[in-house]
file final.txt (compact mmCIF, C-alpha atoms)
# COMPACT_ATOMS: atom_id res chain seq x y z
CA MET P 1 8.89 -15.59 5.18
CA LYS P 2 6.50 -13.39 7.15
CA ILE P 3 6.21 -10.76 4.41
CA GLU P 4 5.35 -13.32 1.76
CA GLN P 5 2.71 -14.79 4.10
CA ARG P 6 1.18 -11.30 4.46
CA LEU P 7 1.17 -10.92 0.69
CA GLU P 8 -0.57 -14.27 0.38
CA LYS P 9 -3.23 -13.19 2.92
CA LEU P 10 -3.74 -10.01 0.88
CA ASP P 11 -4.14 -12.24 -2.21
CA VAL P 12 -1.14 -10.57 -3.85
CA GLN P 13 1.08 -12.40 -6.30
CA LEU P 14 4.35 -10.73 -7.22
CA PRO P 15 4.83 -10.44 -10.99
CA GLU P 16 8.11 -11.25 -12.64
CA PRO P 17 10.44 -8.30 -12.02
CA THR P 18 10.74 -5.98 -14.98
CA GLY P 19 14.07 -4.68 -16.12
CA PRO P 20 15.00 -1.08 -16.80
CA VAL P 21 13.64 0.49 -19.99
CA ALA P 22 16.67 2.77 -20.45
CA ASN P 23 20.29 3.18 -19.32
CA TYR P 24 20.03 2.54 -15.56
CA VAL P 25 19.86 -0.33 -13.07
CA ALA P 26 16.83 -1.45 -11.07
CA THR P 27 18.48 -1.24 -7.66
CA VAL P 28 21.61 0.13 -6.03
CA GLN P 29 22.72 -0.85 -2.56
CA THR P 30 24.92 1.43 -0.49
CA GLY P 31 25.53 0.33 3.07
CA ASN P 32 22.23 -0.94 4.44
CA LEU P 33 20.09 1.12 2.05
CA ILE P 34 18.67 -0.05 -1.26
CA PHE P 35 17.48 2.55 -3.77
CA VAL P 36 14.90 1.20 -6.21
CA SER P 37 14.46 2.93 -9.56
CA GLY P 38 11.08 4.24 -10.57
CA HIS P 39 8.56 1.61 -11.66
CA GLY P 40 5.29 1.89 -13.53
CA PRO P 41 2.25 -0.35 -13.13
CA VAL P 42 2.79 -3.67 -14.87
CA THR P 43 0.23 -6.44 -14.43
CA ASN P 44 1.11 -10.05 -13.67
CA GLU P 45 0.53 -10.67 -17.38
CA GLY P 46 3.15 -8.04 -18.29
CA LYS P 47 0.64 -5.47 -19.55
CA ILE P 48 1.25 -1.75 -19.11
CA HIS P 49 -1.77 0.46 -18.51
CA LYS P 50 -1.63 3.98 -19.98
CA SER P 51 -3.70 6.93 -18.74
CA GLN P 52 -3.59 10.46 -17.35
CA LEU P 53 -5.23 11.43 -14.07
CA GLY P 54 -7.91 14.07 -14.51
CA ALA P 55 -8.22 13.30 -18.23
CA ASP P 56 -9.10 9.64 -18.76
CA ALA P 57 -8.44 8.19 -15.29
CA THR P 58 -10.11 8.77 -11.92
CA ILE P 59 -8.47 9.11 -8.52
CA ALA P 60 -9.58 5.52 -7.79
CA ASP P 61 -7.90 4.36 -11.03
CA GLY P 62 -4.69 6.16 -10.05
CA TYR P 63 -4.79 4.75 -6.51
CA ALA P 64 -5.11 1.22 -7.93
CA SER P 65 -2.22 1.88 -10.33
CA ALA P 66 -0.02 3.15 -7.49
CA ARG P 67 -0.85 0.01 -5.50
CA GLN P 68 0.16 -2.13 -8.49
CA VAL P 69 3.42 -0.19 -8.76
CA ALA P 70 4.11 -0.96 -5.09
CA ILE P 71 3.64 -4.66 -5.86
CA CYS P 72 6.09 -4.35 -8.77
CA LEU P 73 8.62 -2.63 -6.49
CA LEU P 74 8.41 -5.53 -4.03
CA SER P 75 8.99 -7.94 -6.91
CA THR P 76 12.20 -6.10 -7.79
CA LEU P 77 13.27 -6.06 -4.14
CA LYS P 78 12.65 -9.80 -3.79
CA ASP P 79 14.77 -10.37 -6.89
CA ALA P 80 17.57 -8.20 -5.44
CA LEU P 81 17.41 -9.51 -1.85
CA GLY P 82 16.14 -13.06 -2.23
CA ASP P 83 14.02 -12.59 0.91
CA LEU P 84 11.64 -9.69 1.60
CA ASP P 85 12.03 -10.31 5.34
CA ARG P 86 15.43 -8.64 5.05
CA ILE P 87 13.63 -5.31 4.69
CA LYS P 88 14.00 -3.50 8.00
CA ARG P 89 11.82 -0.55 6.99
CA VAL P 90 10.55 1.47 4.07
CA VAL P 91 12.43 4.78 4.32
CA LYS P 92 11.24 6.92 1.42
CA VAL P 93 8.72 6.80 -1.41
CA VAL P 94 8.53 9.24 -4.31
CA GLY P 95 5.50 9.13 -6.59
CA PHE P 96 5.10 10.83 -9.95
CA VAL P 97 1.55 11.15 -11.27
CA ASN P 98 0.70 11.68 -14.93
CA SER P 99 -1.61 14.66 -14.39
CA ALA P 100 -3.90 16.77 -16.53
CA PRO P 101 -3.25 20.51 -15.90
CA HIS P 102 -6.16 20.90 -13.46
CA PHE P 103 -5.48 17.67 -11.48
CA THR P 104 -4.27 18.31 -7.90
CA ASP P 105 -4.86 15.03 -6.04
CA GLN P 106 -1.42 13.50 -6.58
CA SER P 107 -1.06 12.70 -2.86
CA THR P 108 -4.31 10.74 -2.83
CA VAL P 109 -3.17 8.73 -5.85
CA VAL P 110 0.24 7.90 -4.33
CA ASN P 111 -1.54 6.76 -1.16
CA GLY P 112 -2.21 3.59 -3.18
CA ALA P 113 1.47 2.70 -2.77
CA SER P 114 1.87 4.07 0.75
CA ASP P 115 -1.23 2.32 2.11
CA PHE P 116 -0.05 -0.95 0.55
CA PHE P 117 3.39 -0.73 2.15
CA ILE P 118 1.82 -0.09 5.56
CA LYS P 119 -0.53 -3.10 5.11
CA VAL P 120 2.42 -5.32 4.22
CA PHE P 121 5.08 -4.03 6.65
CA GLY P 122 3.01 -2.48 9.46
CA ASP P 123 4.80 0.39 11.18
CA LYS P 124 8.00 -0.54 9.31
CA GLY P 125 6.14 0.51 6.16
CA ARG P 126 5.64 4.12 7.31
CA HIS P 127 7.90 6.39 5.29
CA VAL P 128 8.67 9.91 4.19
CA ARG P 129 7.21 10.74 0.82
CA SER P 130 6.87 13.17 -2.04
CA SER P 131 4.04 13.19 -4.59
CA ILE P 132 4.68 15.09 -7.79
CA GLY P 133 2.45 15.86 -10.77
CA ALA P 134 3.90 15.62 -14.27
CA VAL P 135 2.28 16.53 -17.57
CA GLN P 136 3.40 13.15 -18.99
CA LEU P 137 5.36 10.08 -17.84
CA PRO P 138 7.45 7.57 -19.80
CA LEU P 139 5.39 5.06 -21.80
CA GLY P 140 2.23 7.02 -20.90
CA VAL P 141 1.84 5.27 -17.54
CA PRO P 142 -0.38 6.95 -14.92
CA VAL P 143 2.03 6.59 -12.00
CA ILE P 144 5.72 5.99 -11.39
CA VAL P 145 6.99 5.24 -7.89
CA GLU P 146 10.54 4.89 -6.61
CA MET P 147 11.61 3.95 -3.09
CA VAL P 148 14.42 3.56 -0.59
CA VAL P 149 14.45 0.72 1.93
CA GLU P 150 16.72 -0.12 4.83
CA ILE P 151 17.75 -3.77 5.02
CA GLU P 152 19.05 -6.18 7.64
CA ASP P 153 22.44 -7.75 6.95
call {"tool": "encode", "arguments": {"input": "final.txt", "output": "structure tokens"}}
result
Amino acid sequence: MKIEQRLEKLDVQLPEPTGPVANYVATVQTGNLIFVSGHGPVTNEGKIHKSQLGADATIADGYASARQVAICLLSTLKDALGDLDRIKRVVKVVGFVNSAPHFTDQSTVVNGASDFFIKVFGDKGRHVRSSIGAVQLPLGVPVIVEMVVEIED
């Protein structure tokens, strides 16, 4: 349970995993890869924060939201795997940022998720990534992040 011990040291509690909000599944495993559907920031109390970067949210707000999304992704992975120590490495992260037309700091916002994964997994948390701006996201959330992880058998 090394990963859960790291989370505890970071004072991170995993929320209850949230289910899909439309016609899809939360995770799909093929071989030793698990693809995790996009998640938005949900608090441990189940609240969804709504905002748009560059309009009513700052870069720091977006970074914090992306970090919370990363925590939600780990919650879903724990539910799917039973044990986060089965994660061999984070392979890919894709972040979508709800952006006002002039906002161009999507990469800085998505660093909230990337930095968190590196804190939790060390070098195994380093990944390839895309950061994409969108004029709006489902439910009005500021950030959606999806990921691919490699797992141990």
call {"tool": "closest_residue", "arguments": {"input": "final.txt", "among": "P:Ser114, P:Thr104, P:Thr76, P:Asn98", "to": "P:Phe35", "atoms": "all atoms listed in the file"}}
result
P:Thr76
call {"tool": "closest_residue", "arguments": {"input": "final.txt", "among": "P:Cys72, P:Leu137, P:Ala26, P:Ile48", "to": "P:Ala113", "atoms": "all atoms listed in the file"}}
result
P:Cys72
call {"tool": "atom_distance", "arguments": {"input": "final.txt", "atom1": "atom CA of P:Thr27", "atom2": "atom CA of P:Gly122"}}
result
23.1 Å
call {"tool": "atom_distance", "arguments": {"input": "final.txt", "atom1": "atom CA of P:Pro101", "atom2": "atom CA of P:Asp56"}}
result
12.7 Å
call {"tool": "atom_distance", "arguments": {"input": "final.txt", "atom1": "atom CA of P:Phe103", "atom2": "atom CA of P:Val145"}}
result
18.0 Å
call {"tool": "residues_around", "arguments": {"input": "final.txt", "residues": "P:Asp153", "least_positions_apart": "3", "cutoff": "10 Å", "atoms": "all atoms listed in the file", "output": "ChimeraX atom specification"}}
result
/P:31-32,86-88,150
call {"tool": "closest_atom_pairs", "arguments": {"input": "final.txt", "of": "stretch 57-99 of chain P", "to": "stretch 127-134 of chain P", "cutoff": "6 Å", "atoms": "only C-alpha atoms", "output": "Markdown table"}}
result
| residue | atom | partner | partner_atom | distance |
| --- | --- | --- | --- | --- |
| P:Val90 | CA | P:His127 | CA | 5.7 |
| P:Val91 | CA | P:His127 | CA | 4.9 |
| P:Lys92 | CA | P:Val128 | CA | 4.8 |
| P:Val93 | CA | P:Arg129 | CA | 4.8 |
| P:Val94 | CA | P:Ser130 | CA | 4.8 |
| P:Gly95 | CA | P:Ser131 | CA | 4.8 |
| P:Phe96 | CA | P:Ile132 | CA | 4.8 |
| P:Val97 | CA | P:Gly133 | CA | 4.8 |
| P:Asn98 | CA | P:Ala134 | CA | 5.1 |
| P:Ser99 | CA | P:Gly133 | CA | 5.6 |
call {"tool": "closest_residue", "arguments": {"input": "final.txt", "among": "P:Leu77, P:Ala66, P:Gly82, P:Ser37", "to": "P:Tyr24", "atoms": "only C-alpha atoms"}}
result
P:Ser37
call {"tool": "closest_residue", "arguments": {"input": "final.txt", "among": "P:Pro17, P:Val143, P:Glu8, P:Ala80", "to": "P:Gly62", "atoms": "all atoms listed in the file"}}
result
P:Val143
